[in-house]
$ cat final.txt   # compact mmCIF, C-alpha atoms
# COMPACT_ATOMS: atom_id res chain seq x y z
CA MET A 261 -62.59 -16.03 -29.72
CA LYS A 262 -61.11 -14.57 -32.84
CA ILE A 263 -58.72 -12.53 -30.77
CA ARG A 264 -57.69 -15.56 -28.74
CA ARG A 265 -57.28 -17.61 -31.89
CA GLY A 266 -55.11 -14.85 -33.36
CA ILE A 267 -52.98 -14.72 -30.25
CA SER A 268 -52.57 -18.51 -30.31
CA VAL A 269 -51.40 -18.48 -33.91
CA THR A 270 -48.96 -15.68 -33.14
CA VAL A 271 -47.58 -17.56 -30.15
CA VAL A 272 -47.16 -20.72 -32.20
CA ILE A 273 -45.30 -18.78 -34.89
CA LEU A 274 -43.01 -17.22 -32.28
CA ILE A 275 -42.34 -20.58 -30.67
CA LEU A 276 -41.48 -22.16 -34.02
CA LEU A 277 -39.23 -19.22 -34.90
CA MET A 278 -37.40 -19.47 -31.57
CA ALA A 279 -37.00 -23.20 -32.01
CA PHE A 280 -35.53 -22.67 -35.48
CA LEU A 281 -33.11 -20.02 -34.24
CA THR A 282 -32.12 -22.16 -31.28
CA GLY A 283 -31.46 -25.04 -33.63
CA CYS A 284 -29.25 -22.84 -35.79
CA ASP A 285 -27.32 -21.67 -32.72
CA SER A 286 -26.96 -25.27 -31.59
CA LYS A 287 -25.57 -26.35 -34.96
CA LYS A 288 -23.22 -23.38 -35.00
CA SER A 289 -22.02 -24.18 -31.49
CA SER A 290 -21.57 -27.85 -32.37
CA SER A 291 -19.56 -27.08 -35.50
CA SER A 292 -17.28 -24.68 -33.63
CA SER A 293 -16.63 -27.02 -30.69
CA SER A 294 -13.42 -29.06 -30.66
CA VAL A 295 -11.75 -31.97 -28.93
CA THR A 296 -8.10 -31.71 -27.92
CA LEU A 297 -6.03 -34.88 -28.24
CA ASN A 298 -2.96 -34.61 -26.02
CA VAL A 299 0.18 -36.29 -27.37
CA THR A 300 3.69 -36.38 -25.89
CA GLU A 301 7.08 -37.34 -27.28
CA TRP A 302 10.67 -36.59 -26.34
CA THR A 303 12.65 -33.85 -28.04
CA ASN A 304 13.97 -35.17 -31.34
CA PRO A 305 13.73 -32.46 -34.01
CA SER A 306 13.13 -34.77 -36.96
CA ALA A 307 10.53 -36.87 -35.15
CA ILE A 308 8.73 -33.76 -33.92
CA LYS A 309 8.72 -32.31 -37.43
CA ALA A 310 7.30 -35.57 -38.82
CA THR A 311 4.66 -35.89 -36.10
CA LYS A 312 3.50 -32.30 -36.56
CA LYS A 313 3.08 -32.87 -40.28
CA LEU A 314 0.86 -35.90 -39.74
CA ASN A 315 -0.99 -34.13 -36.91
CA LYS A 316 -2.21 -31.56 -39.43
CA GLU A 317 -3.37 -34.32 -41.75
CA PHE A 318 -5.12 -36.09 -38.86
CA GLU A 319 -6.90 -32.87 -37.91
CA LYS A 320 -8.00 -32.36 -41.51
CA ALA A 321 -9.39 -35.90 -41.61
CA HIS A 322 -11.12 -35.41 -38.24
CA PRO A 323 -12.88 -32.01 -38.21
CA GLY A 324 -13.21 -30.56 -34.74
CA VAL A 325 -10.12 -32.37 -33.44
CA HIS A 326 -7.01 -30.48 -32.37
CA VAL A 327 -3.81 -32.39 -31.62
CA HIS A 328 -1.73 -30.77 -28.87
CA LEU A 329 1.86 -32.03 -28.99
CA VAL A 330 4.16 -31.58 -25.99
CA ASP A 331 7.82 -32.61 -25.95
CA ALA A 332 10.64 -32.61 -23.42
CA PRO A 333 14.34 -33.52 -23.63
CA THR A 334 15.49 -36.84 -22.23
CA SER A 335 18.33 -35.10 -20.39
CA SER A 336 17.99 -33.76 -16.84
CA SER A 337 14.96 -36.01 -16.15
CA ALA A 338 12.66 -33.58 -18.00
CA TRP A 339 11.11 -36.36 -20.10
CA ASP A 340 10.57 -38.66 -17.13
CA ASN A 341 9.00 -35.84 -15.15
CA LEU A 342 6.61 -34.98 -18.00
CA ASN A 343 5.54 -38.62 -18.20
CA LYS A 344 4.92 -38.88 -14.47
CA THR A 345 2.98 -35.62 -14.33
CA GLN A 346 0.69 -36.39 -17.24
CA MET A 347 0.07 -39.99 -16.24
CA SER A 348 -0.79 -38.94 -12.68
CA ALA A 349 -3.16 -36.25 -13.93
CA HIS A 350 -4.74 -38.56 -16.56
CA THR A 351 -4.36 -35.83 -19.18
CA VAL A 352 -2.37 -37.60 -21.90
CA ASP A 353 -4.01 -39.57 -24.72
CA VAL A 354 -1.02 -40.90 -26.68
CA MET A 355 2.56 -41.21 -25.41
CA ALA A 356 5.75 -42.02 -27.26
CA GLN A 357 7.90 -44.42 -25.26
CA PHE A 358 11.24 -46.08 -25.80
CA SER A 359 10.88 -49.78 -26.59
CA ILE A 360 10.51 -51.85 -23.46
CA SER A 361 12.71 -54.69 -24.71
CA ASN A 362 15.78 -53.50 -22.79
CA GLN A 363 13.97 -52.03 -19.80
CA VAL A 364 12.78 -55.17 -18.04
CA PRO A 365 15.06 -56.52 -15.29
CA LYS A 366 15.13 -60.25 -14.60
CA SER A 367 13.95 -61.90 -11.40
CA TYR A 368 17.52 -62.53 -10.22
CA MET A 369 18.28 -58.80 -10.28
CA LYS A 370 17.42 -58.02 -6.68
CA ASN A 371 16.37 -54.56 -5.53
CA LEU A 372 16.43 -53.16 -9.06
CA GLN A 373 13.68 -50.62 -9.66
CA PRO A 374 11.47 -51.52 -12.65
CA SER A 375 11.19 -48.92 -15.40
CA MET A 376 8.22 -46.55 -15.32
CA LEU A 377 6.75 -48.21 -18.39
CA GLU A 378 6.95 -51.64 -16.79
CA GLN A 379 5.29 -50.33 -13.63
CA TRP A 380 2.47 -48.73 -15.64
CA ILE A 381 1.85 -51.93 -17.60
CA ASP A 382 1.79 -54.05 -14.44
CA ALA A 383 -0.69 -51.59 -12.93
CA GLY A 384 -2.98 -51.91 -15.96
CA GLN A 385 -2.34 -48.31 -17.04
CA ILE A 386 -1.21 -49.00 -20.64
CA LYS A 387 -3.61 -50.34 -23.26
CA ASP A 388 -3.01 -53.81 -24.72
CA LEU A 389 -2.68 -53.48 -28.51
CA THR A 390 -1.99 -57.15 -29.25
CA ASN A 391 -5.06 -57.79 -31.37
CA GLU A 392 -5.39 -54.43 -33.10
CA PRO A 393 -5.65 -54.99 -36.89
CA PHE A 394 -3.20 -52.21 -37.77
CA ILE A 395 -0.34 -54.20 -36.21
CA ASP A 396 -0.38 -56.26 -39.41
CA LYS A 397 0.79 -53.18 -41.35
CA TYR A 398 4.25 -53.64 -39.80
CA PHE A 399 6.91 -56.19 -40.73
CA SER A 400 5.77 -58.86 -38.31
CA LYS A 401 4.11 -59.17 -34.95
CA LYS A 402 7.21 -61.08 -33.81
CA ASP A 403 9.41 -58.02 -34.44
CA GLN A 404 6.91 -55.78 -32.68
CA MET A 405 6.83 -58.21 -29.74
CA ASN A 406 10.64 -58.15 -29.59
CA LEU A 407 10.46 -54.39 -29.15
CA MET A 408 7.24 -53.64 -27.23
CA GLY A 409 6.13 -57.03 -25.97
CA TYR A 410 5.75 -57.68 -22.26
CA LYS A 411 4.55 -60.92 -20.66
CA GLY A 412 3.16 -62.13 -23.95
CA LYS A 413 1.21 -59.01 -24.89
CA LEU A 414 1.94 -55.99 -27.06
CA TYR A 415 1.71 -52.60 -25.37
CA GLY A 416 2.91 -50.25 -28.08
CA VAL A 417 3.62 -49.82 -31.77
CA THR A 418 7.28 -49.31 -32.62
CA MET A 419 7.51 -46.70 -35.36
CA ALA A 420 11.29 -46.41 -35.47
CA ALA A 421 14.37 -48.45 -34.74
CA TYR A 422 17.96 -47.29 -35.07
CA GLY A 423 21.43 -48.62 -35.49
CA ARG A 424 23.53 -47.96 -32.39
CA GLY A 425 27.24 -48.19 -31.83
CA GLY A 426 28.18 -47.00 -35.28
CA VAL A 427 30.02 -44.25 -37.10
CA PHE A 428 28.92 -41.47 -39.44
CA TYR A 429 31.71 -40.75 -41.89
CA ASN A 430 32.56 -37.98 -44.32
CA GLU A 431 32.46 -39.63 -47.76
CA ALA A 432 34.65 -36.99 -49.41
CA LEU A 433 37.44 -37.44 -46.87
CA PHE A 434 37.36 -41.23 -47.22
CA LYS A 435 37.59 -40.83 -50.99
CA LYS A 436 40.38 -38.25 -50.77
CA TYR A 437 42.60 -40.59 -48.75
CA ASN A 438 41.57 -43.79 -50.60
CA LEU A 439 39.97 -45.33 -47.52
CA SER A 440 37.38 -48.09 -47.45
CA ILE A 441 34.76 -48.70 -44.80
CA PRO A 442 36.58 -50.64 -42.05
CA LYS A 443 35.25 -54.13 -41.42
CA THR A 444 37.55 -55.08 -38.53
CA TYR A 445 39.03 -53.34 -35.50
CA ASP A 446 42.52 -53.20 -37.03
CA GLN A 447 41.11 -51.61 -40.17
CA LEU A 448 39.34 -49.00 -38.03
CA VAL A 449 42.61 -48.17 -36.27
CA HIS A 450 44.31 -47.85 -39.68
CA VAL A 451 41.66 -45.36 -40.84
CA CYS A 452 42.18 -43.34 -37.66
CA GLU A 453 45.95 -43.36 -38.15
CA VAL A 454 45.63 -42.05 -41.71
CA PHE A 455 43.44 -39.14 -40.69
CA ALA A 456 45.64 -38.33 -37.70
CA SER A 457 48.72 -38.26 -39.96
CA HIS A 458 47.01 -35.52 -42.00
CA ASN A 459 46.08 -33.50 -38.89
CA ILE A 460 42.39 -34.39 -39.23
CA THR A 461 40.55 -35.40 -36.06
CA PRO A 462 39.57 -39.02 -36.71
CA LEU A 463 36.75 -39.54 -34.19
CA MET A 464 34.27 -37.20 -32.51
CA VAL A 465 32.44 -38.62 -29.47
CA GLY A 466 31.21 -35.93 -27.06
CA ALA A 467 32.41 -38.02 -24.12
CA LYS A 468 31.31 -35.57 -21.43
CA ASP A 469 27.82 -37.11 -21.56
CA GLY A 470 29.01 -40.71 -21.81
CA TRP A 471 28.14 -41.31 -25.45
CA ASP A 472 31.60 -42.72 -26.07
CA GLN A 473 30.26 -45.76 -24.24
CA MET A 474 28.67 -46.92 -27.49
CA ILE A 475 32.19 -48.06 -28.39
CA VAL A 476 32.33 -50.32 -25.33
CA GLU A 477 28.76 -51.55 -25.78
CA ALA A 478 29.44 -52.44 -29.42
CA GLY A 479 32.59 -54.29 -28.43
CA ILE A 480 30.88 -56.38 -25.76
CA GLN A 481 27.91 -57.20 -27.96
CA GLN A 482 30.04 -58.18 -30.95
CA SER A 483 32.39 -60.27 -28.80
CA LEU A 484 29.66 -62.47 -27.35
CA PRO A 485 26.99 -64.56 -29.08
CA HIS A 486 23.72 -62.72 -28.66
CA ASP A 487 22.06 -65.65 -26.91
CA GLN A 488 24.63 -65.23 -24.12
CA ALA A 489 23.39 -61.76 -23.18
CA ASP A 490 21.10 -63.00 -20.44
CA THR A 491 23.75 -65.47 -19.30
CA LEU A 492 26.26 -62.64 -18.92
CA ASN A 493 23.80 -60.55 -16.91
CA LYS A 494 22.95 -63.49 -14.66
CA GLU A 495 26.58 -64.42 -14.04
CA LEU A 496 27.45 -60.83 -13.16
CA TRP A 497 24.51 -60.54 -10.78
CA THR A 498 25.10 -63.91 -9.11
CA GLY A 499 28.87 -63.52 -8.85
CA LYS A 500 29.78 -66.35 -11.22
CA THR A 501 31.76 -63.87 -13.30
CA THR A 502 33.11 -60.39 -12.66
CA TRP A 503 34.38 -57.41 -14.62
CA ALA A 504 37.91 -58.41 -13.62
CA ASN A 505 37.86 -62.09 -14.63
CA GLN A 506 35.84 -61.85 -17.87
CA PRO A 507 38.46 -61.67 -20.68
CA VAL A 508 36.11 -59.96 -23.13
CA PHE A 509 35.81 -56.92 -20.83
CA LYS A 510 39.57 -56.44 -20.71
CA THR A 511 39.95 -56.77 -24.48
CA VAL A 512 37.14 -54.31 -25.20
CA MET A 513 38.38 -51.75 -22.68
CA GLU A 514 41.93 -51.93 -24.06
CA ARG A 515 40.63 -51.39 -27.57
CA TYR A 516 38.51 -48.48 -26.40
CA GLN A 517 41.57 -46.99 -24.69
CA LYS A 518 43.57 -47.19 -27.92
CA LEU A 519 40.78 -45.51 -29.91
CA SER A 520 40.48 -42.73 -27.33
CA GLN A 521 43.78 -41.23 -28.52
CA TYR A 522 41.97 -40.41 -31.78
CA PHE A 523 39.08 -38.53 -30.12
CA GLU A 524 38.60 -34.80 -30.62
CA PRO A 525 40.62 -32.45 -28.35
CA ASN A 526 38.96 -32.09 -24.94
CA ALA A 527 36.59 -34.94 -25.81
CA PHE A 528 35.76 -35.55 -22.14
CA GLY A 529 34.76 -31.93 -21.73
CA GLU A 530 32.71 -31.93 -24.94
CA PRO A 531 28.94 -32.42 -24.52
CA TYR A 532 27.16 -34.73 -26.90
CA ALA A 533 24.49 -32.34 -28.23
CA PRO A 534 26.66 -30.20 -30.56
CA THR A 535 28.70 -33.08 -31.99
CA PRO A 536 26.50 -33.83 -35.05
CA GLY A 537 26.82 -30.20 -36.14
CA LEU A 538 30.55 -30.11 -35.47
CA PHE A 539 31.09 -33.26 -37.52
CA ALA A 540 28.86 -31.94 -40.31
CA ASN A 541 30.99 -28.83 -40.56
CA GLY A 542 34.32 -30.59 -40.86
CA LYS A 543 35.61 -30.80 -37.30
CA ALA A 544 36.20 -34.56 -37.58
CA ALA A 545 36.25 -37.27 -40.22
CA MET A 546 33.96 -39.58 -38.25
CA LEU A 547 31.30 -39.29 -35.55
CA VAL A 548 30.54 -42.11 -33.13
CA ASP A 549 26.76 -42.10 -32.96
CA GLY A 550 23.51 -43.89 -33.64
CA THR A 551 21.59 -43.44 -36.86
CA PHE A 552 18.99 -41.41 -34.96
CA ASP A 553 21.25 -38.38 -35.46
CA GLY A 554 21.33 -38.58 -39.25
CA ASP A 555 18.84 -35.76 -39.67
CA ALA A 556 20.77 -33.57 -37.20
CA VAL A 557 23.90 -34.00 -39.32
CA HIS A 558 21.98 -33.29 -42.52
CA GLN A 559 20.31 -30.17 -41.14
CA ALA A 560 23.67 -28.83 -39.93
CA ASN A 561 25.14 -29.15 -43.43
CA PRO A 562 22.69 -30.16 -46.19
CA ASN A 563 25.54 -30.30 -48.73
CA LEU A 564 27.57 -32.88 -46.83
CA LYS A 565 27.69 -36.36 -48.31
CA PHE A 566 27.91 -38.78 -45.44
CA SER A 567 27.00 -42.32 -44.54
CA TRP A 568 27.15 -44.72 -41.57
CA PHE A 569 28.65 -48.09 -40.69
CA PRO A 570 28.60 -50.34 -37.60
CA LEU A 571 31.62 -49.77 -35.38
CA PRO A 572 33.89 -52.84 -35.83
CA MET A 573 35.38 -53.86 -32.48
CA THR A 574 36.52 -57.43 -33.21
CA ASP A 575 38.89 -59.00 -35.74
CA ASP A 576 36.09 -61.00 -37.36
CA PRO A 577 33.94 -59.09 -39.90
CA GLU A 578 31.08 -61.56 -39.38
CA LYS A 579 30.89 -60.68 -35.69
CA ASN A 580 30.91 -56.92 -36.22
CA THR A 581 27.16 -56.71 -36.52
CA MET A 582 24.88 -53.72 -36.25
CA GLN A 583 23.10 -53.29 -32.93
CA VAL A 584 19.46 -52.44 -33.51
CA ALA A 585 17.68 -50.55 -30.79
CA GLY A 586 13.92 -50.21 -30.70
CA ASP A 587 13.08 -46.59 -30.18
CA PHE A 588 10.00 -44.46 -30.87
CA SER A 589 6.86 -46.42 -29.91
CA TRP A 590 3.29 -45.13 -29.57
CA THR A 591 1.43 -46.19 -26.42
CA ILE A 592 -2.06 -45.38 -25.14
CA PRO A 593 -2.82 -44.98 -21.41
CA THR A 594 -5.94 -46.81 -20.28
CA ALA A 595 -7.02 -43.58 -18.56
CA ALA A 596 -6.67 -41.53 -21.76
CA PRO A 597 -9.46 -38.91 -21.82
CA HIS A 598 -10.17 -39.77 -25.47
CA GLN A 599 -9.12 -43.40 -25.75
CA LYS A 600 -11.18 -44.20 -28.87
CA LEU A 601 -9.74 -41.18 -30.68
CA ALA A 602 -6.25 -42.07 -29.41
CA LEU A 603 -6.58 -45.50 -30.98
CA GLU A 604 -7.73 -43.88 -34.22
CA TYR A 605 -4.63 -41.63 -34.06
CA VAL A 606 -2.23 -44.58 -33.80
CA LYS A 607 -4.16 -46.38 -36.54
CA PHE A 608 -3.82 -43.27 -38.74
CA PHE A 609 -0.03 -43.18 -38.24
CA SER A 610 0.11 -46.90 -39.06
CA GLN A 611 -1.47 -46.57 -42.49
CA PRO A 612 1.38 -47.23 -44.96
CA LYS A 613 1.08 -43.92 -46.83
CA HIS A 614 1.12 -41.95 -43.57
CA TYR A 615 3.89 -44.05 -42.05
CA LYS A 616 6.03 -43.50 -45.16
CA GLU A 617 5.55 -39.72 -44.83
CA TRP A 618 6.67 -39.88 -41.21
CA GLU A 619 9.61 -42.18 -41.93
CA ASN A 620 10.86 -40.05 -44.83
CA ILE A 621 11.37 -37.18 -42.40
CA VAL A 622 12.74 -39.19 -39.48
CA GLY A 623 15.04 -41.47 -41.48
CA ALA A 624 15.03 -44.37 -39.01
CA ILE A 625 15.16 -48.08 -39.75
CA PRO A 626 11.60 -48.51 -41.02
CA THR A 627 9.33 -51.01 -39.32
CA GLN A 628 7.09 -51.21 -42.38
CA ASP A 629 8.12 -52.30 -45.87
CA ILE A 630 9.66 -49.21 -47.45
CA LYS A 631 12.05 -49.80 -50.33
CA LYS A 632 13.43 -46.29 -50.80
CA LEU A 633 13.70 -43.25 -48.57
CA SER A 634 13.80 -39.59 -49.53
CA GLN A 635 17.41 -38.66 -48.68
CA PRO A 636 20.64 -40.47 -49.66
CA TRP A 637 21.81 -40.66 -46.03
CA MET A 638 18.57 -42.32 -44.93
CA GLY A 639 18.52 -46.06 -44.72
CA THR A 640 22.29 -46.49 -44.85
CA GLU A 641 21.86 -49.04 -42.09
CA LEU A 642 19.44 -51.13 -44.18
CA GLU A 643 22.30 -52.99 -45.87
CA TYR A 644 23.34 -54.30 -42.45
CA LEU A 645 19.91 -55.67 -41.45
CA ASP A 646 20.65 -59.19 -42.68
CA ASN A 647 23.42 -59.45 -40.10
CA MET A 648 22.05 -57.55 -37.12
CA GLN A 649 21.31 -58.12 -33.46
CA TYR A 650 18.91 -56.40 -31.15
CA GLU A 651 21.04 -54.60 -28.60
CA PHE A 652 21.30 -56.13 -25.18
CA HIS A 653 21.60 -54.25 -21.95
CA ILE A 654 23.84 -54.90 -18.96
CA PHE A 655 21.74 -53.97 -15.94
CA THR A 656 23.75 -52.17 -13.28
CA PRO A 657 22.74 -52.34 -9.60
CA SER A 658 20.98 -49.12 -8.66
CA ASN A 659 23.29 -48.47 -5.71
CA ALA A 660 26.56 -49.28 -7.50
CA GLY A 661 29.20 -46.59 -7.89
CA ASP A 662 30.26 -44.89 -11.11
CA LEU A 663 33.08 -47.34 -11.73
CA ALA A 664 30.59 -50.20 -12.16
CA TYR A 665 28.38 -48.31 -14.60
CA LEU A 666 29.12 -48.52 -18.32
CA GLN A 667 27.96 -44.97 -18.97
CA THR A 668 30.64 -43.39 -16.80
CA ASP A 669 33.51 -45.73 -16.08
CA THR A 670 35.59 -44.95 -19.18
CA ALA A 671 36.14 -41.42 -17.89
CA TYR A 672 38.38 -42.97 -15.24
CA LEU A 673 40.68 -44.70 -17.75
CA LYS A 674 44.12 -43.37 -18.53
CA PRO A 675 45.09 -41.01 -20.10
CA GLN A 676 41.99 -38.95 -19.23
CA GLY A 677 41.57 -40.74 -15.88
CA LYS A 678 43.89 -42.26 -13.32
CA TYR A 679 43.34 -46.01 -13.74
CA THR A 680 44.82 -48.63 -16.02
CA VAL A 681 42.39 -51.12 -17.56
CA ASP A 682 43.22 -53.77 -14.95
CA GLN A 683 42.83 -51.29 -12.09
CA LEU A 684 39.50 -50.03 -13.41
CA LEU A 685 38.07 -53.53 -13.85
CA LYS A 686 39.18 -54.45 -10.34
CA LYS A 687 37.52 -51.32 -8.90
CA ALA A 688 34.37 -52.01 -10.95
CA THR A 689 34.24 -55.56 -9.57
CA GLN A 690 34.55 -54.30 -5.99
CA GLN A 691 31.72 -51.79 -6.42
CA TRP A 692 29.50 -54.30 -8.23
CA THR A 693 30.05 -56.99 -5.59
CA ALA A 694 29.29 -54.57 -2.77
CA ALA A 695 26.04 -53.55 -4.46
CA THR A 696 24.78 -57.08 -5.16
CA HIS A 697 25.68 -58.87 -1.92

$ encode --input "final.txt" --output "structure tokens"
Amino acid sequence: MKIRRGISVTVVILILLMAFLTGCDSKKSSSSSSVTLNVTEWTNPSAIKATKKLNKEFEKAHPGVHVHLVDAPTSSSAWDNLNKTQMSAHTVDVMAQFSISNQVPKSYMKNLQPSMLEQWIDAGQIKDLTNEPFIDKYFSKKDQMNLMGYKGKLYGVTMAAYGRGGVFYNEALFKKYNLSIPKTYDQLVHVCEVFASHNITPLMVGAKDGWDQMIVEAGIQQSLPHDQADTLNKELWTGKTTWANQPVFKTVMERYQKLSQYFEPNAFGEPYAPTPGLFANGKAAMLVDGTFDGDAVHQANPNLKFSWFPLPMTDDPEKNTMQVAGDFSWTIPTAAPHQKLALEYVKFFSQPKHYKEWENIVGAIPTQDIKKLSQPWMGTELEYLDNMQYEFHIFTPSNAGDLAYLQTDTAYLKPQGKYTVDQLLKKATQQWTAATH
């Protein structure tokens, strides 16, 4: 009996010891385990830098969580392909998307393929964020709805907006030649003439990739009241107006053609990507660009003093407004592997102190109330916000030729192309009509 009792006590002690050790191993295993939150955004160096900084802070605030950031360039369909792959595989938790405001075709636009984001929302694949409390951290729900609203609900949080159709300019060169920021088209031409007379390239555009089209887009937008944007689209699609019989198109294209003589040499063979660096290092006095490239200019030459103004394409300073484009917006797929954590991630980025950190690296138009940014070049567009318009988009039929598409048709204009303005608009009308009827 004593022996059996002794054995029983020994066994109990061993069992308790094993249980204790197992518990220690379990705690050790639990503390060393981790969850990977998969996040994607397109390749924008300043935005990636800002996101990585906050990712580290998010990981610190959430022990055991690792944020895996993947990016891809928007050129060559790489970004679209990454989106499709990750959405199909249900592997992505948080996705940056461009604002949907200019991606939704109207019902009268027949046979026009909806954007991927619109298709995902219609299929119930993007989380509705309408009633999330952190939305109140931003300027207003109305502004957010203008940028990421769809059928009355909010499907993303817009972190950044940018001024499009504007010009970065070298402040020292403007000062040297006693030039003021041009407020009208004629004043812009005068500035170009002054620089050209001193053998300085006035405008850099990188027209090989179609970015010179911001000049045309700015001209059309400034020439028409913003509430006529949908009317213009509808009349083009239904044949009530055409490229050839709409006077504003001819005026804008003629003004573009005049400005093109002030572009950099071989502008139509120059890709867009290197232009911020070329401008930063003195290859031109001005760079036609959106404010999203401010950091690229700064990084290329940190000593350069530069600023930005909306491209004036009319004779009326009041009409030469800044076009604001919604840009970087966080969305959450409904099939996100870690949807609760994904929501916490977007909430974390939306906290004012974290958002300000992000914005002070990116340098976009802030969508929260930030009075002062970290670099002098940041926020130069803020002074134009009182007289701004959200950009509108002319939807082109998917089967129309290049001459009917704003991103490519200027390459066909004389002197770089073979058509006069009237000839080009006539050809554009023919291609558009064939594609819509």

$ atom_distance --input "final.txt" --atom1 "CA of Asn298 in chain A" --atom2 "CA of Lys413 in chain A"
24.8 Å

$ closest_residue --input "final.txt" --among "A:Tyr398, A:Asn304, A:Tyr368, A:Phe652" --to "Trp497 in chain A" --atoms "all atoms listed in the file"
A:Tyr368

$ closest_residue --input "final.txt" --among "A:Leu439, A:Met513, A:Leu601, A:Leu571" --to "Thr680 in chain A" --atoms "only C-alpha atoms"
A:Met513

$ residues_around --input "final.txt" --residues "Asn580 in chain A" --least-positions-apart "4" --cutoff "10 Å" --atoms "all atoms listed in the file" --output "PyMOL selection string"
chain A and resi 443-445+478-479+481-483+570-576+647-648

$ residues_around --input "final.txt" --residues "Thr670 in chain A" --least-positions-apart "3" --cutoff "9 Å" --atoms "all atoms listed in the file" --output "list in words"
Gly470, Asp472, Gln473, Val476, Met513, Tyr516, Gln517, Leu663, Leu666, Gln667, Leu673, Lys674, Gln676, Gly677 and Leu684 of chain A

$ axis_aligned_box --input "final.txt" --around "range 587-593 of chain A" --padding-each-side "5 Å" --output "JSON"
{"center_x": 5.1, "center_y": -45.5, "center_z": -26.1, "size_x": 25.9, "size_y": 12.1, "size_z": 19.5}

$ closest_residue --input "final.txt" --among "A:Ser610, A:Asn659, A:Asn563, A:Thr551" --to "Asp396 in chain A" --atoms "all atoms listed in the file"
A:Ser610

$ residues_around --input "final.txt" --residues "range 541-543 of chain A" --least-positions-apart "5" --cutoff "10 Å" --atoms "only C-alpha atoms" --output "list in words"
Asn430, Leu433, Ile460, Thr461, Pro462, Leu463, Met464, Glu524, Thr535, Pro536, Val557, Ala560, Asn561, Asn563 and Leu564 of chain A

$ closest_residue --input "final.txt" --among "A:Leu389, A:Ile654, A:Val327, A:Ala420" --to "Leu496 in chain A" --atoms "only C-alpha atoms"
A:Ile654

$ atom_distance --input "final.txt" --atom1 "CA of Met376 in chain A" --atom2 "CA of Thr696 in chain A"
22.1 Å

$ residues_around --input "final.txt" --residues "Val330 in chain A" --least-positions-apart "4" --cutoff "10 Å" --atoms "only C-alpha atoms" --output "PDB file with C-alpha atoms, in the frame of the given file"
ATOM      1  CA  ASN A 298      -2.960 -34.610 -26.020  1.00  0.00           C
ATOM      2  CA  VAL A 299       0.180 -36.290 -27.370  1.00  0.00           C
ATOM      3  CA  THR A 300       3.690 -36.380 -25.890  1.00  0.00           C
ATOM      4  CA  GLU A 301       7.080 -37.340 -27.280  1.00  0.00           C
ATOM      5  CA  TRP A 302      10.670 -36.590 -26.340  1.00  0.00           C
ATOM      6  CA  THR A 303      12.650 -33.850 -28.040  1.00  0.00           C
ATOM      7  CA  ILE A 308       8.730 -33.760 -33.920  1.00  0.00           C
ATOM      8  CA  LEU A 342       6.610 -34.980 -18.000  1.00  0.00           C
ATOM      9  CA  VAL A 352      -2.370 -37.600 -21.900  1.00  0.00           C
ATOM     10  CA  MET A 355       2.560 -41.210 -25.410  1.00  0.00           C
TER      11      MET A 355
END

$ atom_distance --input "final.txt" --atom1 "CA of Phe399 in chain A" --atom2 "CA of Tyr615 in chain A"
12.6 Å

$ residues_around --input "final.txt" --residues "Trp590 in chain A" --least-positions-apart "2" --cutoff "7 Å" --atoms "only C-alpha atoms" --output "tab-separated table (two decimals) with C-alpha atoms, in the coordinates of the input"
chain	number	residue	atom	x	y	z
A	354	VAL	CA	-1.02	-40.90	-26.68
A	355	MET	CA	2.56	-41.21	-25.41
A	356	ALA	CA	5.75	-42.02	-27.26
A	357	GLN	CA	7.90	-44.42	-25.26
A	416	GLY	CA	2.91	-50.25	-28.08
A	417	VAL	CA	3.62	-49.82	-31.77
A	418	THR	CA	7.28	-49.31	-32.62
A	588	PHE	CA	10.00	-44.46	-30.87
A	592	ILE	CA	-2.06	-45.38	-25.14
A	606	VAL	CA	-2.23	-44.58	-33.80

$ closest_residue --input "final.txt" --among "A:Tyr605, A:Thr689, A:Phe569, A:Tyr532" --to "Ser335 in chain A" --atoms "all atoms listed in the file"
A:Tyr532

$ closest_residue --input "final.txt" --among "A:Ala585, A:Leu603, A:Ala533, A:Ile395" --to "Ile360 in chain A" --atoms "all atoms listed in the file"
A:Ala585

$ residues_near_point --input "final.txt" --point "(25.4, -37.9, -49.2)" --cutoff "10 Å" --atoms "all atoms listed in the file" --output "list of chain:residue names"
A:Asn430, A:Glu431, A:Ala432, A:His558, A:Pro562, A:Asn563, A:Leu564, A:Lys565, A:Phe566, A:Ser567, A:Gln635, A:Pro636, A:Trp637, A:Met638

$ build_atoms --input "final.txt" --residues "range 299-303 of chain A" --atoms "N, CA and C atoms" --output "CSV table (one decimal), in the frame of the given file"
chain,number,residue,atom,x,y,z
A,299,VAL,N,-0.9,-35.3,-26.9
A,299,VAL,CA,0.2,-36.3,-27.4
A,299,VAL,C,1.5,-35.8,-26.8
A,300,THR,N,2.4,-36.7,-26.4
A,300,THR,CA,3.7,-36.4,-25.9
A,300,THR,C,4.8,-37.2,-26.6
A,301,GLU,N,5.9,-36.6,-26.8
A,301,GLU,CA,7.1,-37.3,-27.3
A,301,GLU,C,8.3,-36.6,-26.8
A,302,TRP,N,9.5,-37.3,-26.8
A,302,TRP,CA,10.7,-36.6,-26.3
A,302,TRP,C,11.2,-35.7,-27.5
A,303,THR,N,12.1,-34.8,-27.1
A,303,THR,CA,12.6,-33.8,-28.0
A,303,THR,C,13.6,-34.5,-29.0
